[in-house]
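Here is the structure we will look at.
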Amino acid sequence: MNAKKGDWVRIHKVILTSDERAPQVPDDTKQVPFEMWDKGFLLDDFASVGDEVNVETIIGRTLSGKMIEINPQFNHGWGKCIPEILHIGRQVKGILNGIQ
Amino acid sequence: MGYNEVMARKSAIMKSSIQIDYSQFESGSIAFDYEGMMEKVGYSLDEIKEIQRSTGVGDTPVYELKNLTELCRKTAPAGKGARIFLKDEAANPSGSFKARRAAISVYHAKKLGYKGVIAATSGNYGAAVASQAAMLGLKCIIVQECYDSMWKGQPEIIEKARKCEAYGAEVVQLSVGPELFYNFLQLLEETGYFNASLYTPFGIAGVETLGSELSEQMRQKVGRDPDVVVVTTAGGGNVTGTARGLIKSGAEGTTIVGASVDLKGLHMASDKQFNKKSFTTGHTGFGIPFATNPDRSDVPRSAGRPLRYMDRYVTVRQGEVFYMTETLAQIEGLERGPAGNVSLAAAFSISREMDEDQIIVVQETEYTGAGKHIQPQLSFARENGIELRFGDPAEEVPGKSIILPEHPSMIKAVDLDLDKIRQSYIRNCMAKLDIAEEVSEKDIQYMAEETKVSKLEVEKIIQSLRGRE
């Protein structure tokens with residue numbers, strides 16, 4: 001996947017390696033680096049996913065990091081059907097109507 | 001730039017990014033002049049109303065939840081079940097009461113000539129600051145704790161990132177850990193923007209209108225102040241501001257109940273446990289530490305001091321809040337976000353203890369949407385191996401299970417021992433002194449105000465702490 005100057009991309013960066021982490025973090029957290037994700041317009045002429053790049057963020061800050069996504073999108077949604085939820089309304093309406 | 005290097009410059013960075021000289025309120029010992037700080041640095045209630053009205057914040061409606069009250073009475077002893085009212089804070093421009101805090105912070109930043117604002121928050125406050133910054137023409141950066149080390153994020157937090165971006169903000173997303181503060185300081189230093197902290201005097205003063213509106217609205221609707229107001233508590237600002245607003249309006253007889261979701265046993269800075277919880281705020285992981293030591297935030301002295309105002313502090317379980325969220329939609333026709341319904345679940349239980357002619361108010365709601373809704377949040381929990389079933393909510397184990405109550409009569413707010421929390425608070429204060437005997441009369445007076453007990457009570461607690469040493 002390739003991007004050209006001006007494309008909207010997501011970058012990733014390790015801010016602190018696991019050795020550099022704050023002393024108070026719990027052990028499981030200490031084993032992993034402290035990471036950052038941000039988005040911006042590509043400032044380099046050309047880049048492939050995985051390259052170190054420079055971007056200008058939406059408010060105009062310049063920062064660098066590894067390009068991991070081009071035209072990053074939101075994937076959060078409504079999740080899978082949770083059938084249990086369907087019973088709640090029926091139950092409380094039943095109670096109000098004197099059935100339960 | 002290294003972690004220690006940046007942290008060492010903390011107070012200098014804080015000072016230039018917020019321009020409050022906190023030292024003027026310090027006694028050099030435990031005590032500090034809280035009211036002096038609120039008065040000198042904050043705004044008056046009338047000024048706040050005006051600032052908020054200029055961006056459409058506040059004046060949210062209050063609804064009587066008649067069907068929910070009826071449901072509650074069906075599960076209560078005869079004659080019990082107070083009338084439940086709800087203040088629909090989701091009606092604020094950014095969809096939560098946080099707009100009240102953000103309105104004052106961003107206004108203040110602009111007044112001081114800052115070009116932009118930065119806030120560290122994974123909660124609704126981010127969207128609130130971004131929305132206000134958009135209205136006032138300032139740039140905005142929101143710093144979120146968002147992902148675990150597998151780049152997996154809570155759908156609720158990702159939705160909040162989307163909303164911040166929708167208002168034109170830059171969202172810096174971070175992995176789990178307290179080093180967020182290090183990154184936050186670096187950003188403040190790099191940009192020279194204003195620290196739109198949740199815990200400044202003006203941020204907290206912004207919530208006072210919520211309390212004063214409540215009092216005015218209830219006097220209009222039922223001719224008197226509410227008997228009980230239930231407030232979700234995390235960092236303590238919601239309780240503090242609401243209670244102060246109520247008091248300023250003369251509603252001094254109203255009982256203030258704090259409510260948090262019980263997340264006992266989960267470590268808030270744990271990478272592995274980060275996605276095992278279904279609430280990212282309004283929980284005990286913030287509520288208790290911030291009550292026992294409010295000065296742990298991103299400002300030297302927090303203006304949110306919940307122990308000063310709470311008459312009672314209860315917990316509810318995740319499954320109970322989800323159940324009530326669905327119930328609110330199904331019988332009241334109000335689809336709102338789960339995190340804003342913590343106090344609703346608590347109120348449903350507390351109402352049952354009260355007489356039918358009494359009034360209990362739930363003081364907030366929040367917006368809902370993709371990711372930030374009972375269905376995606378429970379779906380995410382199930383995907384993460386959390387057991388989800390109907391049963392007795394008391395059996396819920398945070399991080400392992402979510403138990404939806406088998407019947408609404410099983411929804412039960414559990415009282416936390418406020419005296420124990422007060423003891424912890426006083427122990428934390430005393431730890432700041434090199435020699436315990438140096439505690440002054442002024443310090444004792446201050447701790448009494450901070451914990452809402454008498455000086456004698458504080459002295460007794462100090463004695464008992466010494467006995468344990």
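Order determines the names: the first chain of the structure tokens is A, the second B, and so forth; residues in each chain are numbered 1 upward, and ligands are numbered 1 upward as they are shown.
The list of chain B residues within 7 Å of chain A is Leu71, Lys139, Ser149, Pro155, Ile158, Glu159, Ala169, Glu170, Val171, Val172, Gln173, Leu174, Ser175, Gly177, Glu179, Ala269, Ser270, Asp271, Lys272, Tyr323, Glu326, Thr327, Gln330, Ala370, Gly371, Gln375, Pro376, Ser379 and Phe380 of chain B; this uses only C-alpha atoms.
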Expected file: the selected residues, C-alpha atoms, as a PDB file, in the first residue's frame:
ATOM      1  CA  LEU B  71     -41.444   0.028  38.160  1.00  0.00           C
ATOM      2  CA  LYS B 139      -7.172  24.777  18.053  1.00  0.00           C
ATOM      3  CA  SER B 149      -0.554  -3.321  23.458  1.00  0.00           C
ATOM      4  CA  PRO B 155     -15.432   0.921  21.272  1.00  0.00           C
ATOM      5  CA  ILE B 158     -12.892   5.102  19.877  1.00  0.00           C
ATOM      6  CA  GLU B 159     -16.302   6.670  19.435  1.00  0.00           C
ATOM      7  CA  ALA B 169      -9.612  18.368  17.026  1.00  0.00           C
ATOM      8  CA  GLU B 170      -6.408  16.371  16.730  1.00  0.00           C
ATOM      9  CA  VAL B 171      -6.639  13.190  18.762  1.00  0.00           C
ATOM     10  CA  VAL B 172      -3.425  11.720  20.108  1.00  0.00           C
ATOM     11  CA  GLN B 173      -4.130   8.118  21.050  1.00  0.00           C
ATOM     12  CA  LEU B 174      -1.897   6.342  23.530  1.00  0.00           C
ATOM     13  CA  SER B 175      -1.464   2.885  24.935  1.00  0.00           C
ATOM     14  CA  GLY B 177      -0.204   3.770  31.289  1.00  0.00           C
ATOM     15  CA  GLU B 179       3.003   8.073  31.020  1.00  0.00           C
ATOM     16  CA  ALA B 269      -2.776   0.944  34.580  1.00  0.00           C
ATOM     17  CA  SER B 270      -2.715  -2.716  33.587  1.00  0.00           C
ATOM     18  CA  ASP B 271      -2.282  -3.427  29.893  1.00  0.00           C
ATOM     19  CA  LYS B 272      -3.944  -6.839  30.164  1.00  0.00           C
ATOM     20  CA  TYR B 323     -29.900  -3.206  32.606  1.00  0.00           C
ATOM     21  CA  GLU B 326     -31.957  -0.608  28.412  1.00  0.00           C
ATOM     22  CA  THR B 327     -34.886  -0.034  30.777  1.00  0.00           C
ATOM     23  CA  GLN B 330     -37.693   0.728  26.760  1.00  0.00           C
ATOM     24  CA  ALA B 370     -21.983   3.559  17.712  1.00  0.00           C
ATOM     25  CA  GLY B 371     -19.508   2.082  20.190  1.00  0.00           C
ATOM     26  CA  GLN B 375     -24.998  -3.443  22.541  1.00  0.00           C
ATOM     27  CA  PRO B 376     -21.445  -2.779  21.254  1.00  0.00           C
ATOM     28  CA  SER B 379     -20.538  -7.378  22.485  1.00  0.00           C
ATOM     29  CA  PHE B 380     -16.982  -6.171  23.123  1.00  0.00           C
TER      30      PHE B 380
END
| said: Here is a test: counting only C-alpha atoms, which residue of B:His267, B:Lys460, B:Arg9, B:Lys276 is nearest to B:Tyr182? | reply: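 Once distances to B:Tyr182 are computed over only C-alpha atoms, the minimum belongs to B:Arg9.
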| request: Name the residues of stretch 117-305 of chain B that come out as strand (DSSP E or B) in a backbone DSSP run; write them as a PyMOL selection string. | output: chain B and resi 117-120+139-147+153+170-175+194-195+228-232+255-261+283
Selection from above, N, CA and C atoms, as a short mmCIF file (atom, residue, chain, number, x, y, z; two decimals), in the first residue's frame, can you write it?
data_model
loop_
_atom_site.label_atom_id
_atom_site.label_comp_id
_atom_site.auth_asym_id
_atom_site.auth_seq_id
_atom_site.Cartn_x
_atom_site.Cartn_y
_atom_site.Cartn_z
N VAL B 117 -6.10 24.70 22.92
CA VAL B 117 -6.31 24.03 24.21
C VAL B 117 -5.94 22.55 24.08
N ILE B 118 -5.47 21.98 25.18
CA ILE B 118 -5.17 20.55 25.21
C ILE B 118 -5.86 19.96 26.44
N ALA B 119 -6.47 18.81 26.26
CA ALA B 119 -7.04 18.12 27.41
C ALA B 119 -6.68 16.65 27.34
N ALA B 120 -6.35 16.09 28.48
CA ALA B 120 -6.05 14.67 28.59
C ALA B 120 -7.29 13.97 29.11
N LYS B 139 -7.60 26.11 18.45
CA LYS B 139 -7.17 24.78 18.05
C LYS B 139 -7.30 23.85 19.26
N CYS B 140 -7.36 22.56 18.97
CA CYS B 140 -7.62 21.64 20.08
C CYS B 140 -6.90 20.31 19.87
N ILE B 141 -6.25 19.85 20.92
CA ILE B 141 -5.66 18.51 20.92
C ILE B 141 -6.25 17.74 22.10
N ILE B 142 -6.73 16.54 21.83
CA ILE B 142 -7.22 15.67 22.89
C ILE B 142 -6.28 14.47 23.00
N VAL B 143 -5.81 14.21 24.21
CA VAL B 143 -4.91 13.09 24.44
C VAL B 143 -5.70 11.99 25.14
N GLN B 144 -5.76 10.84 24.49
CA GLN B 144 -6.58 9.73 25.01
C GLN B 144 -5.74 8.52 25.38
N GLU B 145 -6.04 7.90 26.48
CA GLU B 145 -5.57 6.54 26.72
C GLU B 145 -6.57 5.66 25.99
N CYS B 146 -6.13 4.94 24.98
CA CYS B 146 -7.10 4.34 24.07
C CYS B 146 -6.93 2.84 23.81
N TYR B 147 -5.68 2.43 23.61
CA TYR B 147 -5.46 1.05 23.16
C TYR B 147 -4.61 0.25 24.14
N GLY B 153 -8.88 -1.30 21.10
CA GLY B 153 -9.43 -0.21 21.91
C GLY B 153 -10.88 -0.44 22.25
N GLU B 170 -7.38 17.44 16.94
CA GLU B 170 -6.41 16.37 16.73
C GLU B 170 -6.51 15.44 17.93
N VAL B 171 -6.55 14.15 17.67
CA VAL B 171 -6.64 13.19 18.76
C VAL B 171 -5.36 12.36 18.81
N VAL B 172 -4.63 12.51 19.89
CA VAL B 172 -3.43 11.72 20.11
C VAL B 172 -3.84 10.52 20.93
N GLN B 173 -3.69 9.33 20.35
CA GLN B 173 -4.13 8.12 21.05
C GLN B 173 -2.92 7.39 21.61
N LEU B 174 -3.02 6.96 22.85
CA LEU B 174 -1.90 6.34 23.53
C LEU B 174 -2.26 4.96 24.05
N SER B 175 -1.22 4.18 24.30
CA SER B 175 -1.46 2.88 24.93
C SER B 175 -1.60 3.10 26.45
N PHE B 194 -3.16 26.04 26.09
CA PHE B 194 -3.73 26.08 27.44
C PHE B 194 -4.05 24.66 27.91
N ASN B 195 -3.76 24.38 29.16
CA ASN B 195 -4.11 23.10 29.76
C ASN B 195 -5.57 23.15 30.22
N VAL B 228 -32.93 14.01 47.52
CA VAL B 228 -31.65 13.35 47.22
C VAL B 228 -31.26 13.67 45.77
N VAL B 229 -29.97 13.95 45.57
CA VAL B 229 -29.44 14.04 44.21
C VAL B 229 -28.32 13.01 44.10
N VAL B 230 -28.41 12.17 43.09
CA VAL B 230 -27.38 11.14 42.89
C VAL B 230 -26.45 11.59 41.76
N VAL B 231 -25.16 11.54 42.03
CA VAL B 231 -24.17 12.05 41.10
C VAL B 231 -23.11 10.98 40.83
N THR B 232 -22.87 10.67 39.58
CA THR B 232 -21.80 9.73 39.25
C THR B 232 -20.47 10.38 39.60
N THR B 255 -29.63 15.81 50.17
CA THR B 255 -28.59 14.81 50.40
C THR B 255 -27.88 14.51 49.09
N ILE B 256 -26.54 14.56 49.15
CA ILE B 256 -25.74 14.30 47.94
C ILE B 256 -25.18 12.88 48.02
N VAL B 257 -25.57 12.08 47.05
CA VAL B 257 -25.06 10.70 47.00
C VAL B 257 -24.13 10.56 45.80
N GLY B 258 -22.92 10.12 46.04
CA GLY B 258 -21.99 9.80 44.96
C GLY B 258 -22.19 8.35 44.55
N ALA B 259 -22.05 8.07 43.26
CA ALA B 259 -22.20 6.68 42.79
C ALA B 259 -21.10 6.36 41.79
N SER B 260 -20.50 5.19 41.94
CA SER B 260 -19.49 4.72 40.98
C SER B 260 -19.78 3.27 40.62
N VAL B 261 -19.33 2.87 39.45
CA VAL B 261 -19.42 1.46 39.07
C VAL B 261 -18.32 0.70 39.80
N HIS B 283 -16.13 5.00 37.50
CA HIS B 283 -15.94 3.76 38.25
C HIS B 283 -15.06 3.97 39.50
#
| task | Enumerate as a PyMOL selection string all residues of stretch 16-83 of chain A assigned to helix (DSSP H, G or I) by DSSP on the backbone, naming them with the chain letters and numbers the document uses. | result | chain A and resi 18-20+27-30+83
Please, could you write that set of residues out with N, CA and C atoms as an mmCIF file, in the first residue's frame?
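Writing the result to out.cif gives the following:
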data_model
loop_
_atom_site.group_PDB
_atom_site.id
_atom_site.type_symbol
_atom_site.label_atom_id
_atom_site.label_comp_id
_atom_site.auth_asym_id
_atom_site.auth_seq_id
_atom_site.Cartn_x
_atom_site.Cartn_y
_atom_site.Cartn_z
ATOM 1 N N SER A 18 10.028 -0.371 26.662
ATOM 2 C CA SER A 18 9.612 -0.947 27.952
ATOM 3 C C SER A 18 10.623 -0.617 29.067
ATOM 4 N N ASP A 19 11.908 -0.461 28.722
ATOM 5 C CA ASP A 19 12.916 -0.092 29.748
ATOM 6 C C ASP A 19 12.723 1.338 30.251
ATOM 7 N N GLU A 20 12.162 2.175 29.395
ATOM 8 C CA GLU A 20 12.057 3.597 29.757
ATOM 9 C C GLU A 20 10.765 3.932 30.487
ATOM 10 N N ASP A 27 3.547 -4.721 36.376
ATOM 11 C CA ASP A 27 4.480 -5.566 35.626
ATOM 12 C C ASP A 27 4.047 -5.863 34.199
ATOM 13 N N ASP A 28 2.769 -6.183 34.010
ATOM 14 C CA ASP A 28 2.348 -6.539 32.642
ATOM 15 C C ASP A 28 2.495 -5.345 31.692
ATOM 16 N N THR A 29 2.287 -4.161 32.224
ATOM 17 C CA THR A 29 2.390 -2.954 31.393
ATOM 18 C C THR A 29 3.868 -2.624 31.130
ATOM 19 N N LYS A 30 4.701 -2.922 32.113
ATOM 20 C CA LYS A 30 6.137 -2.650 31.978
ATOM 21 C C LYS A 30 6.766 -3.490 30.863
ATOM 22 N N PRO A 83 -28.500 -11.193 22.488
ATOM 23 C CA PRO A 83 -29.934 -11.534 22.660
ATOM 24 C C PRO A 83 -30.458 -11.228 24.057
#
| task | Mind checking which residues fall within 10 Å of B:Thr292, counting only C-alpha atoms, ignoring those fewer than 5 positions away in the same chain, and posting them as a PyMOL selection string? | result | chain B and resi 287+305-307+420-429+451
| said: Which residues are close to B:Ala347, i.e. within 12 Å by only C-alpha atoms, leaving aside same-chain residues fewer than 2 positions away? Reply as a ChimeraX atom specification. | reply: /B:65,68-69,72,81-86,227-232,256-260,313-316,320-321,324,341-345,349-354,359-364,411-414
Same residues, N, CA and C atoms, saved as a tab-separated table (two decimals), in the first residue's frame:
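This is the output file selection06.tsv:
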chain	number	residue	atom	x	y	z
B	65	LEU	N	-39.39	10.62	35.58
B	65	LEU	CA	-39.42	9.26	35.03
B	65	LEU	C	-40.56	8.50	35.70
B	68	LEU	N	-40.53	4.62	35.26
B	68	LEU	CA	-39.44	4.02	36.04
B	68	LEU	C	-39.78	4.06	37.53
B	69	THR	N	-40.41	5.16	37.96
B	69	THR	CA	-40.84	5.26	39.36
B	69	THR	C	-41.86	4.16	39.67
B	72	CYS	N	-40.13	0.94	39.96
B	72	CYS	CA	-39.41	0.90	41.23
B	72	CYS	C	-40.37	0.55	42.37
B	81	GLY	N	-40.63	4.18	47.51
B	81	GLY	CA	-40.38	4.44	46.09
B	81	GLY	C	-40.55	5.90	45.77
B	82	ALA	N	-39.47	6.68	45.97
B	82	ALA	CA	-39.53	8.13	45.73
B	82	ALA	C	-39.69	8.41	44.25
B	83	ARG	N	-40.26	9.58	43.94
B	83	ARG	CA	-40.40	10.00	42.54
B	83	ARG	C	-39.01	10.25	41.96
B	84	ILE	N	-38.73	9.64	40.80
B	84	ILE	CA	-37.41	9.75	40.18
B	84	ILE	C	-37.46	10.78	39.05
B	85	PHE	N	-36.58	11.75	39.14
B	85	PHE	CA	-36.43	12.76	38.08
B	85	PHE	C	-35.04	12.64	37.48
B	86	LEU	N	-34.91	13.12	36.24
B	86	LEU	CA	-33.62	13.00	35.56
B	86	LEU	C	-33.30	14.28	34.81
B	227	ASP	N	-35.01	15.81	47.66
B	227	ASP	CA	-34.48	15.24	48.91
B	227	ASP	C	-33.09	14.66	48.68
B	228	VAL	N	-32.93	14.01	47.52
B	228	VAL	CA	-31.65	13.35	47.22
B	228	VAL	C	-31.26	13.67	45.77
B	229	VAL	N	-29.97	13.95	45.57
B	229	VAL	CA	-29.44	14.04	44.21
B	229	VAL	C	-28.32	13.01	44.10
B	230	VAL	N	-28.41	12.17	43.09
B	230	VAL	CA	-27.38	11.14	42.89
B	230	VAL	C	-26.45	11.59	41.76
B	231	VAL	N	-25.16	11.54	42.03
B	231	VAL	CA	-24.17	12.05	41.10
B	231	VAL	C	-23.11	10.98	40.83
B	232	THR	N	-22.87	10.67	39.58
B	232	THR	CA	-21.80	9.73	39.25
B	232	THR	C	-20.47	10.38	39.60
B	256	ILE	N	-26.54	14.56	49.15
B	256	ILE	CA	-25.74	14.30	47.94
B	256	ILE	C	-25.18	12.88	48.02
B	257	VAL	N	-25.57	12.08	47.05
B	257	VAL	CA	-25.06	10.70	47.00
B	257	VAL	C	-24.13	10.56	45.80
B	258	GLY	N	-22.92	10.12	46.04
B	258	GLY	CA	-21.99	9.80	44.96
B	258	GLY	C	-22.19	8.35	44.55
B	259	ALA	N	-22.05	8.07	43.26
B	259	ALA	CA	-22.20	6.68	42.79
B	259	ALA	C	-21.10	6.36	41.79
B	260	SER	N	-20.50	5.19	41.94
B	260	SER	CA	-19.49	4.72	40.98
B	260	SER	C	-19.78	3.27	40.62
B	313	TYR	N	-21.81	7.46	49.71
B	313	TYR	CA	-21.11	7.02	48.50
B	313	TYR	C	-21.46	5.55	48.24
B	314	VAL	N	-22.07	5.29	47.10
B	314	VAL	CA	-22.51	3.93	46.80
B	314	VAL	C	-21.87	3.41	45.51
B	315	THR	N	-21.84	2.09	45.40
B	315	THR	CA	-21.41	1.49	44.13
B	315	THR	C	-22.57	0.70	43.53
B	316	VAL	N	-22.55	0.61	42.22
B	316	VAL	CA	-23.46	-0.28	41.50
B	316	VAL	C	-22.59	-1.11	40.56
B	320	GLU	N	-25.89	-4.02	36.33
B	320	GLU	CA	-27.05	-3.23	36.77
B	320	GLU	C	-27.20	-1.96	35.93
B	321	VAL	N	-26.06	-1.33	35.61
B	321	VAL	CA	-26.12	-0.10	34.82
B	321	VAL	C	-26.58	-0.41	33.39
B	324	MET	N	-30.31	-0.98	33.48
B	324	MET	CA	-31.07	0.27	33.63
B	324	MET	C	-31.02	1.11	32.36
B	341	ASN	N	-25.43	6.55	32.96
B	341	ASN	CA	-26.56	5.99	33.71
B	341	ASN	C	-26.16	5.30	35.01
B	342	VAL	N	-24.93	5.53	35.44
B	342	VAL	CA	-24.47	4.95	36.70
B	342	VAL	C	-25.35	5.46	37.85
B	343	SER	N	-25.56	6.77	37.86
B	343	SER	CA	-26.36	7.35	38.94
B	343	SER	C	-27.83	6.94	38.83
B	344	LEU	N	-28.26	6.63	37.62
B	344	LEU	CA	-29.65	6.17	37.43
B	344	LEU	C	-29.85	4.82	38.12
B	345	ALA	N	-28.89	3.91	37.91
B	345	ALA	CA	-29.00	2.59	38.54
B	345	ALA	C	-28.99	2.74	40.07
B	349	SER	N	-32.27	2.08	43.07
B	349	SER	CA	-32.17	1.33	44.32
B	349	SER	C	-32.49	2.23	45.54
B	350	ILE	N	-31.92	3.43	45.53
B	350	ILE	CA	-32.09	4.32	46.69
B	350	ILE	C	-33.55	4.79	46.82
B	351	SER	N	-34.20	4.98	45.69
B	351	SER	CA	-35.61	5.39	45.68
B	351	SER	C	-36.46	4.43	46.51
B	352	ARG	N	-36.11	3.16	46.40
B	352	ARG	CA	-36.84	2.10	47.12
B	352	ARG	C	-36.77	2.27	48.64
B	353	GLU	N	-35.70	2.93	49.11
B	353	GLU	CA	-35.56	3.15	50.56
B	353	GLU	C	-36.37	4.36	51.01
B	354	MET	N	-36.81	5.17	50.05
B	354	MET	CA	-37.43	6.46	50.39
B	354	MET	C	-38.95	6.38	50.30
B	359	ILE	N	-38.45	12.96	46.74
B	359	ILE	CA	-37.95	13.23	45.38
B	359	ILE	C	-36.48	12.85	45.29
B	360	ILE	N	-36.14	12.07	44.29
B	360	ILE	CA	-34.74	11.75	44.03
B	360	ILE	C	-34.42	12.16	42.59
B	361	VAL	N	-33.27	12.79	42.42
B	361	VAL	CA	-32.90	13.28	41.09
B	361	VAL	C	-31.60	12.62	40.61
B	362	VAL	N	-31.64	12.15	39.38
B	362	VAL	CA	-30.46	11.66	38.68
B	362	VAL	C	-29.96	12.85	37.88
B	363	GLN	N	-28.72	13.30	38.14
B	363	GLN	CA	-28.36	14.62	37.61
B	363	GLN	C	-27.66	14.60	36.26
B	364	GLU	N	-27.56	13.46	35.59
B	364	GLU	CA	-26.97	13.52	34.25
B	364	GLU	C	-27.41	12.38	33.35
B	411	ILE	N	-31.56	-4.99	41.75
B	411	ILE	CA	-30.63	-3.86	41.61
B	411	ILE	C	-30.44	-3.22	42.97
B	412	LYS	N	-29.21	-3.22	43.42
B	412	LYS	CA	-28.97	-2.78	44.80
B	412	LYS	C	-27.69	-1.97	44.89
B	413	ALA	N	-27.85	-0.71	45.22
B	413	ALA	CA	-26.67	0.13	45.46
B	413	ALA	C	-26.02	-0.33	46.75
B	414	VAL	N	-24.72	-0.47	46.73
B	414	VAL	CA	-23.99	-0.94	47.92
B	414	VAL	C	-23.25	0.25	48.53
